[in-house]
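Undergrad: This is my_file_5.tsv, which holds TSV, C-alpha atoms:
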chain	number	residue	atom	x	y	z
P	1	MET	CA	0.00	0.00	0.00
P	2	SER	CA	2.93	2.33	-0.55
P	3	ASP	CA	2.36	5.61	-2.34
P	4	GLY	CA	2.46	5.44	-6.10
P	5	ASN	CA	5.37	7.15	-7.78
P	6	ALA	CA	4.94	5.96	-11.33
P	7	THR	CA	5.69	8.20	-14.29
P	8	LEU	CA	3.52	7.44	-17.28
P	9	GLY	CA	3.63	8.83	-20.80
P	10	VAL	CA	1.55	7.96	-23.83
P	11	ARG	CA	2.65	8.00	-27.46
P	12	GLU	CA	0.24	7.36	-30.29
P	13	LEU	CA	2.15	5.62	-33.08
P	14	SER	CA	-0.79	5.17	-35.41
P	15	SER	CA	-4.54	4.90	-35.23
P	16	ARG	CA	-4.06	1.21	-34.40
P	17	ALA	CA	-1.12	1.26	-31.95
P	18	SER	CA	-0.01	3.28	-28.93
P	19	VAL	CA	2.84	3.04	-26.45
P	20	ILE	CA	2.59	3.63	-22.71
P	21	ASP	CA	6.01	4.54	-21.28
P	22	ILE	CA	6.11	3.28	-17.70
P	23	GLY	CA	8.77	4.54	-15.30
P	24	GLY	CA	9.41	4.87	-11.58
P	25	ASP	CA	7.54	2.78	-9.03
P	26	VAL	CA	4.56	0.68	-10.05
P	27	THR	CA	2.41	-0.38	-7.09
P	28	ALA	CA	-1.28	-0.71	-6.28
P	29	ALA	CA	-1.28	3.05	-5.77
P	30	SER	CA	-0.54	3.48	-9.49
P	31	GLU	CA	-4.05	2.30	-10.41
P	32	GLN	CA	-5.52	5.71	-11.30
P	33	ALA	CA	-2.43	6.83	-13.23
P	34	LEU	CA	-2.38	3.55	-15.22
P	35	THR	CA	-6.11	3.78	-15.92
P	36	ASP	CA	-5.72	7.36	-17.16
P	37	ALA	CA	-2.78	6.39	-19.36
P	38	TYR	CA	-4.71	3.44	-20.79
P	39	THR	CA	-7.73	5.64	-21.55
P	40	LYS	CA	-5.47	8.12	-23.34
P	41	ALA	CA	-3.72	5.34	-25.28
P	42	SER	CA	-6.91	3.60	-26.28
P	43	GLY	CA	-8.55	5.18	-29.31
P	44	GLU	CA	-11.55	3.96	-31.24
P	45	PHE	CA	-9.41	1.93	-33.67
P	46	THR	CA	-6.53	1.00	-31.33
P	47	ARG	CA	-5.77	-2.71	-31.58
P	48	THR	CA	-2.38	-2.85	-29.84
P	49	ILE	CA	-1.01	-1.16	-26.76
P	50	VAL	CA	2.71	-1.54	-26.16
P	51	LEU	CA	4.01	-1.16	-22.61
P	52	ASN	CA	7.53	0.25	-22.45
P	53	PHE	CA	9.19	-0.74	-19.16
P	54	THR	CA	12.64	0.65	-19.94
P	55	ALA	CA	12.46	3.20	-17.10
P	56	LEU	CA	10.77	0.93	-14.54
P	57	GLU	CA	12.57	1.19	-11.21
P	58	TYR	CA	10.39	-0.71	-8.76
P	59	MET	CA	7.38	-2.98	-8.85
P	60	ASN	CA	5.71	-4.94	-6.07
P	61	SER	CA	2.95	-7.54	-6.23
P	62	GLY	CA	0.35	-4.76	-6.19
P	63	GLY	CA	1.92	-3.44	-9.39
P	64	ILE	CA	1.58	-6.83	-11.07
P	65	GLY	CA	-2.08	-6.80	-10.02
P	66	MET	CA	-2.51	-3.44	-11.75
P	67	LEU	CA	-1.09	-4.91	-14.98
P	68	VAL	CA	-3.65	-7.74	-14.78
P	69	MET	CA	-6.42	-5.15	-14.44
P	70	LEU	CA	-5.02	-3.35	-17.48
P	71	LEU	CA	-5.03	-6.64	-19.37
P	72	VAL	CA	-8.70	-7.22	-18.53
P	73	ARG	CA	-9.58	-3.75	-19.85
P	74	ALA	CA	-7.60	-4.36	-23.04
P	75	ASN	CA	-9.21	-7.77	-23.60
P	76	ARG	CA	-12.62	-6.21	-23.17
P	77	GLN	CA	-11.78	-3.77	-25.99
P	78	ARG	CA	-10.32	-6.63	-28.09
P	79	GLN	CA	-6.88	-5.08	-27.87
P	80	ARG	CA	-3.51	-6.78	-27.43
P	81	LEU	CA	-0.99	-5.80	-24.78
P	82	LEU	CA	2.69	-6.19	-25.65
P	83	ALA	CA	5.74	-5.30	-23.58
P	84	TYR	CA	9.38	-4.40	-24.11
P	85	GLY	CA	12.24	-2.90	-22.14
P	86	LEU	CA	12.00	-5.37	-19.27
P	87	SER	CA	15.24	-6.03	-17.39
P	88	ASP	CA	16.13	-9.66	-16.63
P	89	HIS	CA	14.68	-9.20	-13.15
P	90	TYR	CA	11.28	-7.98	-14.33
P	91	ARG	CA	11.22	-10.49	-17.17
P	92	GLN	CA	11.61	-13.22	-14.53
P	93	ILE	CA	8.72	-11.74	-12.55
P	94	PHE	CA	6.53	-11.81	-15.68
P	95	GLU	CA	7.48	-15.46	-16.14
P	96	LEU	CA	6.99	-16.34	-12.47
P	97	THR	CA	3.52	-14.79	-12.37
P	98	ARG	CA	2.85	-16.22	-15.85
P	99	LEU	CA	1.82	-12.80	-17.05
P	100	ASP	CA	4.09	-13.37	-20.06
P	101	GLU	CA	1.50	-15.85	-21.37
P	102	ALA	CA	-0.92	-12.97	-21.93
P	103	ILE	CA	1.41	-9.98	-22.41
P	104	HIS	CA	4.01	-10.99	-24.97
P	105	ILE	CA	7.49	-9.70	-24.21
P	106	HIS	CA	9.73	-8.23	-26.91
P	107	ALA	CA	13.30	-7.01	-26.94
P	108	SER	CA	12.57	-3.63	-28.50
P	109	GLU	CA	9.79	-1.31	-29.56
P	110	ALA	CA	10.47	-2.12	-33.22
P	111	GLU	CA	10.08	-5.84	-32.56
P	112	ALA	CA	6.86	-5.28	-30.61
P	113	LEU	CA	5.44	-3.13	-33.40
P	114	SER	CA	6.39	-5.67	-36.00
P	115	ASP	CA	4.47	-8.28	-33.97
P	116	ALA	CA	1.55	-5.84	-33.78
P	117	ASP	CA	1.63	-5.30	-37.54
P	118	ALA	CA	1.68	-9.02	-38.17
P	119	THR	CA	-1.69	-9.53	-36.53
V	120	MET	CA	19.95	-2.57	-17.31
V	121	SER	CA	22.39	-5.48	-17.10
V	122	GLY	CA	21.32	-8.73	-15.52
V	123	PRO	CA	22.71	-9.75	-12.16
V	124	THR	CA	24.72	-12.59	-13.71
V	125	ASP	CA	26.55	-10.51	-16.31
V	126	PRO	CA	30.08	-12.01	-16.22
V	127	THR	CA	31.71	-8.81	-17.44
V	128	LYS	CA	30.54	-6.90	-14.37
V	129	ASP	CA	32.02	-6.75	-10.94
V	130	PRO	CA	29.59	-8.66	-8.61
V	131	ALA	CA	29.27	-5.66	-6.28
V	132	GLU	CA	28.49	-3.42	-9.25
V	133	SER	CA	25.88	-5.87	-10.53
V	134	GLN	CA	24.35	-6.06	-7.05
V	135	ALA	CA	24.10	-2.28	-6.97
V	136	GLU	CA	22.19	-2.39	-10.27
V	137	LEU	CA	19.49	-4.70	-8.94
V	138	PRO	CA	16.13	-2.97	-8.46
V	139	ARG	CA	15.03	-2.18	-4.90
V	140	ASP	CA	12.39	-4.91	-5.03
V	141	ALA	CA	14.80	-7.69	-6.10
V	142	ALA	CA	15.08	-9.29	-2.65
V	143	TYR	CA	11.32	-9.39	-2.15
V	144	TRP	CA	10.33	-11.63	-5.06
V	145	ALA	CA	10.47	-15.42	-5.28
V	146	LYS	CA	13.13	-16.54	-7.73
V	147	GLY	CA	13.47	-19.40	-10.17
V	148	VAL	CA	10.29	-21.24	-9.18
V	149	SER	CA	9.08	-23.38	-12.07
V	150	ALA	CA	7.34	-26.02	-9.97
V	151	LEU	CA	6.54	-26.11	-6.26
V	152	GLU	CA	8.68	-28.07	-3.83
V	153	LEU	CA	7.46	-28.62	-0.31
V	154	GLY	CA	9.78	-29.01	2.67
V	155	GLU	CA	9.08	-31.13	5.71
V	156	VAL	CA	5.47	-31.21	6.90
V	157	PRO	CA	3.99	-32.45	10.19
V	158	PRO	CA	2.87	-36.11	10.16
V	159	GLU	CA	-0.76	-35.19	10.82
V	160	ALA	CA	-0.89	-33.06	7.66
V	161	MET	CA	-2.34	-34.40	4.43
V	162	ASN	CA	0.31	-33.65	1.82
V	163	LEU	CA	-1.28	-33.80	-1.63
V	164	ASN	CA	-1.44	-31.64	-4.75
V	165	VAL	CA	1.55	-29.41	-4.05
V	166	THR	CA	4.88	-30.92	-5.12
V	167	GLY	CA	5.51	-30.51	-8.84
V	168	ARG	CA	2.58	-28.18	-9.39
V	169	ARG	CA	3.03	-24.87	-11.24
V	170	VAL	CA	1.63	-21.66	-9.86
V	171	VAL	CA	-1.36	-20.11	-11.60
V	172	GLY	CA	-2.47	-16.49	-11.76
V	173	PRO	CA	-5.70	-14.86	-12.91
V	174	VAL	CA	-4.54	-15.28	-16.52
V	175	GLN	CA	-4.56	-19.09	-16.17
V	176	GLY	CA	-7.85	-19.42	-14.24
V	177	PHE	CA	-11.28	-20.37	-15.57
V	178	GLY	CA	-14.07	-18.47	-13.80
V	179	LYS	CA	-15.11	-14.86	-13.44
V	180	MET	CA	-12.35	-12.63	-12.07
V	181	TRP	CA	-12.90	-11.14	-8.64
V	182	GLN	CA	-11.10	-8.47	-6.71
V	183	LYS	CA	-11.86	-8.76	-3.02
V	184	THR	CA	-10.61	-6.19	-0.54
V	185	PHE	CA	-10.94	-6.43	3.23
V	186	ARG	CA	-9.75	-3.53	5.39
V	187	VAL	CA	-9.78	-3.04	9.10
V	188	GLU	CA	-8.54	-0.06	11.08
V	189	LEU	CA	-6.56	-0.69	14.25
V	190	THR	CA	-7.82	2.50	15.89
V	191	GLY	CA	-6.01	3.44	19.08
V	192	VAL	CA	-3.23	0.90	18.59
V	193	ASP	CA	0.34	2.18	18.62
V	194	VAL	CA	1.91	-0.16	16.08
V	195	THR	CA	3.89	0.31	12.88
V	196	PRO	CA	2.97	-1.40	9.59
V	197	ALA	CA	6.17	-3.45	9.84
V	198	GLU	CA	5.21	-4.67	13.32
V	199	VAL	CA	1.74	-5.69	12.10
V	200	ILE	CA	3.20	-7.62	9.16
V	201	SER	CA	5.85	-9.23	11.35
V	202	THR	CA	3.09	-10.52	13.69
V	203	TRP	CA	0.98	-11.62	10.75
V	204	LYS	CA	3.84	-13.53	9.14
V	205	SER	CA	4.89	-15.27	12.33
V	206	SER	CA	1.36	-16.31	13.40
V	207	PHE	CA	-0.37	-16.57	10.05
V	208	GLN	CA	-2.14	-19.85	10.87
V	209	SER	CA	-3.53	-18.58	14.18
V	210	PHE	CA	-5.68	-15.94	12.44
V	211	TRP	CA	-7.41	-18.43	10.15
V	212	PRO	CA	-10.95	-19.66	10.84
V	213	ALA	CA	-11.17	-23.00	12.68
V	214	ARG	CA	-10.69	-26.33	10.82
V	215	ASN	CA	-8.33	-24.77	8.24
V	216	TRP	CA	-4.59	-25.36	8.42
V	217	PHE	CA	-1.65	-23.49	7.00
V	218	TYR	CA	1.54	-25.54	7.40
V	219	GLY	CA	4.10	-22.84	6.75
V	220	PRO	CA	7.81	-23.35	6.19
V	221	ILE	CA	10.05	-23.56	9.27
V	222	THR	CA	11.96	-20.57	7.95
V	223	GLY	CA	8.77	-18.49	8.00
V	224	ILE	CA	6.97	-16.57	5.30
V	225	ALA	CA	9.72	-15.52	2.90
V	226	PRO	CA	9.92	-15.16	-0.89
V	227	GLY	CA	9.99	-18.51	-2.68
V	228	GLU	CA	8.82	-20.56	0.31
V	229	VAL	CA	5.95	-23.03	-0.13
V	230	ALA	CA	3.23	-23.81	2.41
V	231	LEU	CA	0.83	-26.73	2.60
V	232	LEU	CA	-2.86	-25.98	3.12
V	233	ASN	CA	-5.46	-28.38	4.54
V	234	LEU	CA	-8.80	-26.65	4.12
V	235	ALA	CA	-12.29	-27.54	5.31
V	236	LEU	CA	-14.96	-27.89	2.64
V	237	PRO	CA	-18.73	-28.28	3.07
V	238	GLY	CA	-19.94	-31.77	3.95
V	239	ARG	CA	-16.90	-32.57	6.13
V	240	MET	CA	-14.77	-32.78	3.00
V	241	LYS	CA	-11.15	-31.68	3.07
V	242	LEU	CA	-8.91	-30.14	0.50
V	243	SER	CA	-5.15	-30.47	0.41
V	244	THR	CA	-3.32	-27.87	-1.65
V	245	GLY	CA	-0.60	-25.24	-1.20
V	246	VAL	CA	0.63	-21.73	-1.85
V	247	LEU	CA	3.85	-20.06	-2.93
V	248	VAL	CA	5.10	-16.96	-1.16
V	249	LEU	CA	5.38	-14.87	-4.31
V	250	TYR	CA	6.47	-11.61	-2.69
V	251	ALA	CA	7.31	-10.48	0.82
V	252	ASP	CA	8.67	-7.20	2.16
V	253	ASP	CA	8.40	-5.52	5.57
V	254	GLU	CA	4.92	-4.13	4.99
V	255	SER	CA	3.26	-6.72	2.79
V	256	PHE	CA	3.38	-10.28	1.50
V	257	THR	CA	1.65	-12.08	-1.34
V	258	LEU	CA	0.67	-15.72	-1.75
V	259	MET	CA	0.10	-17.30	-5.17
V	260	THR	CA	-1.87	-20.47	-5.73
V	261	PRO	CA	-0.88	-23.64	-7.63
V	262	GLU	CA	-2.71	-25.76	-10.21
V	263	GLY	CA	-5.57	-27.62	-8.55
V	264	HIS	CA	-6.24	-24.97	-5.90
V	265	MET	CA	-9.84	-23.72	-5.97
V	266	LEU	CA	-8.58	-20.28	-7.01
V	267	ALA	CA	-6.07	-19.11	-9.57
V	268	GLY	CA	-4.54	-15.86	-8.44
V	269	TRP	CA	-2.80	-14.13	-5.62
V	270	ILE	CA	-3.70	-12.58	-2.32
V	271	THR	CA	-1.79	-9.72	-0.72
V	272	PHE	CA	-1.67	-9.00	2.99
V	273	SER	CA	-0.49	-5.49	3.77
V	274	ALA	CA	-0.42	-2.81	6.43
V	275	ALA	CA	-0.10	0.95	6.28
V	276	THR	CA	-0.63	4.04	8.42
V	277	GLU	CA	-3.41	6.27	7.11
V	278	GLN	CA	-3.98	9.61	8.85
V	279	GLY	CA	-2.22	8.28	11.90
V	280	VAL	CA	-4.27	5.08	12.09
V	281	PRO	CA	-2.78	1.64	11.35
V	282	VAL	CA	-4.80	-0.10	8.65
V	283	VAL	CA	-4.51	-3.72	7.60
V	284	GLN	CA	-5.69	-4.97	4.26
V	285	ILE	CA	-6.26	-8.29	2.55
V	286	GLN	CA	-6.69	-8.05	-1.22
V	287	ALA	CA	-7.28	-10.99	-3.55
V	288	LEU	CA	-7.29	-11.01	-7.33
V	289	GLU	CA	-8.57	-14.36	-8.45
V	290	ARG	CA	-10.62	-16.62	-10.69
V	291	THR	CA	-11.81	-20.11	-9.87
V	292	ASN	CA	-9.46	-22.62	-11.43
V	293	ASP	CA	-11.93	-24.83	-13.28
V	294	PRO	CA	-15.66	-25.35	-14.05
V	295	LEU	CA	-16.26	-27.55	-10.99
V	296	TYR	CA	-14.93	-24.91	-8.62
V	297	GLU	CA	-16.87	-22.23	-10.52
V	298	PHE	CA	-20.06	-24.20	-9.98
V	299	GLY	CA	-19.23	-24.53	-6.28
V	300	PHE	CA	-18.47	-20.80	-6.09
V	301	ALA	CA	-21.90	-20.00	-7.55
V	302	LEU	CA	-23.52	-22.32	-5.00
V	303	GLY	CA	-22.13	-20.53	-1.98
V	304	GLY	CA	-18.38	-21.06	-2.26
V	305	ASN	CA	-17.86	-17.41	-3.15
V	306	ARG	CA	-19.72	-16.30	-0.03
V	307	MET	CA	-17.76	-18.79	2.10
V	308	ASN	CA	-14.48	-17.53	0.67
V	309	THR	CA	-15.43	-13.93	1.50
V	310	LYS	CA	-16.43	-14.94	5.03
V	311	PHE	CA	-13.10	-16.75	5.45
V	312	TRP	CA	-11.10	-13.57	4.88
V	313	VAL	CA	-13.48	-11.38	6.92
V	314	GLN	CA	-12.94	-13.75	9.86
V	315	THR	CA	-9.18	-13.68	9.30
V	316	ALA	CA	-9.14	-9.86	9.35
V	317	GLU	CA	-11.31	-9.88	12.48
V	318	ASN	CA	-9.03	-12.35	14.24
V	319	LEU	CA	-5.98	-10.25	13.38
V	320	ALA	CA	-7.63	-7.08	14.71
V	321	ARG	CA	-8.66	-8.83	17.94
V	322	ASN	CA	-5.05	-9.92	18.38
V	323	PHE	CA	-4.19	-6.21	18.59
V	324	GLY	CA	-7.03	-5.60	21.07
V	325	VAL	CA	-9.41	-3.98	18.59
V	326	GLU	CA	-13.10	-4.83	18.26
V	327	PRO	CA	-13.07	-5.31	14.48
V	328	LYS	CA	-15.21	-3.66	11.85
V	329	VAL	CA	-14.12	-5.05	8.51
V	330	ASP	CA	-14.80	-2.98	5.41
V	331	THR	CA	-15.44	-5.47	2.59
V	332	ARG	CA	-15.42	-4.64	-1.11
V	333	VAL	CA	-16.09	-7.37	-3.67
V	334	ILE	CA	-15.85	-6.46	-7.36
V	335	CYS	CA	-16.35	-8.72	-10.34
V	336	VAL	CA	-13.54	-7.41	-12.52
V	337	ASP	CA	-14.21	-9.70	-15.48
V	338	ARG	CA	-17.52	-11.50	-15.93
V	339	ARG	CA	-16.23	-13.66	-18.75
V	340	ARG	CA	-15.27	-17.25	-18.12
V	341	GLN	CA	-12.18	-18.54	-19.89
V	342	TRP	CA	-13.58	-21.72	-21.41
V	343	ARG	CA	-10.25	-22.59	-23.00
V	344	LYS	CA	-9.04	-23.20	-19.43
V	345	ALA	CA	-11.76	-25.76	-18.64
V	346	GLY	CA	-9.15	-28.52	-18.83
V	347	ASN	CA	-7.71	-27.22	-15.54
V	348	VAL	CA	-10.21	-29.57	-13.94
V	349	TRP	CA	-7.65	-32.37	-14.44
V	350	HIS	CA	-5.64	-30.94	-11.52
V	351	ASN	CA	-8.69	-30.28	-9.29
V	352	ALA	CA	-7.30	-30.74	-5.77
V	353	ALA	CA	-10.75	-31.26	-4.19
V	354	VAL	CA	-11.50	-34.19	-6.51
V	355	ARG	CA	-8.00	-35.61	-6.06
V	356	THR	CA	-8.17	-35.27	-2.27
V	357	PHE	CA	-11.61	-36.94	-2.25
V	358	LEU	CA	-10.37	-39.86	-4.38
V	359	TRP	CA	-7.27	-40.22	-2.23
V	360	ARG	CA	-9.38	-40.46	0.92
V	361	LEU	CA	-11.79	-42.84	-0.80
V	362	ALA	CA	-8.87	-45.13	-1.59
V	363	ALA	CA	-7.66	-45.21	2.04
V	364	PRO	CA	-8.94	-48.78	2.70
V	365	LEU	CA	-7.06	-50.05	-0.37
V	366	ARG	CA	-3.85	-48.38	0.79
V	367	TRP	CA	-4.39	-49.89	4.24
V	368	LEU	CA	-4.90	-53.37	2.78
V	369	GLY	CA	-1.86	-53.00	0.55
V	370	ARG	CA	0.43	-51.93	3.38
V	371	PRO	CA	1.63	-55.48	4.36
V	372	LEU	CA	2.42	-56.22	0.71
V	373	ARG	CA	4.44	-53.03	0.37
V	374	ARG	CA	6.31	-53.79	3.62
V	375	ARG	CA	7.21	-57.30	2.38
V	376	ARG	CA	8.35	-55.92	-0.99
V	377	ASP	CA	10.48	-53.27	0.73
V	378	ALA	CA	12.06	-55.92	3.00
V	379	GLU	CA	12.93	-58.08	-0.02
V	380	THR	CA	14.54	-55.22	-1.93
V	381	HIS	CA	16.72	-54.19	1.02
For this file, produce the structure as structure tokens.
TA:
Amino acid sequence: MSDGNATLGVRELSSRASVIDIGGDVTAASEQALTDAYTKASGEFTRTIVLNFTALEYMNSGGIGMLVMLLVRANRQRQRLLAYGLSDHYRQIFELTRLDEAIHIHASEAEALSDADAT
Amino acid sequence: MSGPTDPTKDPAESQAELPRDAAYWAKGVSALELGEVPPEAMNLNVTGRRVVGPVQGFGKMWQKTFRVELTGVDVTPAEVISTWKSSFQSFWPARNWFYGPITGIAPGEVALLNLALPGRMKLSTGVLVLYADDESFTLMTPEGHMLAGWITFSAATEQGVPVVQIQALERTNDPLYEFGFALGGNRMNTKFWVQTAENLARNFGVEPKVDTRVICVDRRRQWRKAGNVWHNAAVRTFLWRLAAPLRWLGRPLRRRRDAETH
């Protein structure tokens, strides 16, 4: 229940894809900020939202819970969530929590976008 | 960011690059391994199982939050969590057992659960300590458990008042459990955690008033996960208990076979 200190930015790459740049601390307290970022990233024709974790500094189990909530919202809108920029540590957490089975992890933004274009 | 095992880096330098949360997460757990358990415990459906989160579950997704204020108690969040970790079992409702690791609740540890079900049935399953820091800890369930997800126990000080919280994010694991949830299992599960929060508050000398919030986050069932029923721990525990007379009859044969092989 620590205070949220996440920094979130949104970049619209096309009408079908947006990137959410996630930095700082992601905890349960980041819920509102993540929801706002998702709303901004999610246009009428958006099919893919890419999460950029390059600047992520801290994440607890509450933060993982927030990502699951984001995933539910995206699924409801028939959108895909992709991720890149995860350090080895956070990649392992994605694997441990088996979040990687729903949010595909990529090495770079270009690779994630190429995956998005392919579908 | 370089990984902690980068051979080109000085170990101390690599250590310094680890995120602040690195020590709090379980590491390298692909399948659960249980340590020693008391002889009276029923040890089934844990060893070799993989953990499952809300992504792998079958039923509707629920977020359940239980909060209780420890008004008038002079205690820090870390002290609350320390007490909770060390006496976790004692706050559970009667007839439910949490056989925690000897080393206590720490990241990567596995605990055995023997839970009471309606009709005097029992369920043997387990949990992984997914995350644990000074002010919170999270348990994640394995295949076969009634729920796929995680539950976080945390404490904080809000406007000078210590507050404890239990928050679960979960789906039932398979169609059988989902049916049971619809027939009262969901209500029983909610009651279980309300009682736990009440027991914890009473431990600190507070007459508890638990604020409960239950939200159905996703109403859709994940039918492609219906095959999870293969691991159903309730069914497996029931069959294991049903086969007790056969195991009892077979015991002399096994003893003779063991004597011959040694």
Undergrad: May I have the residues of chain V within 9 Å of chain P, counting only C-alpha atoms, written as a PyMOL selection string?
TA: chain V and resi 120-123+137-141+143-149+170-175+249-251+254-257+259+269+271+273-275+284+288+336-337
Undergrad: What is the distance, in Å and to one decimal place, between CA of Val50 (chain P) and CA of Ser18 (chain P)?
TA: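 If I compute the distance from CA of Val50 (chain P) to CA of Ser18 (chain P), I get 6.2 Å.
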Undergrad: Please provide as a count of residues only all residues within 12 Å of region 298-310 of chain V, with the sequence filter that same-chain residues fewer than 3 positions apart are discarded (counting all atoms listed in the file).
TA: 42
Undergrad: As an exercise, work out the distance from CA of Ala142 (chain V) to CA of Ile270 (chain V) in Å and give it to one decimal place.
TA: 19.1 Å
Undergrad: So the first atom is CA of Asn318 (chain V) and the second is CA of Val156 (chain V); what is the distance between them in Å, to one decimal place?
TA: 24.9 Å
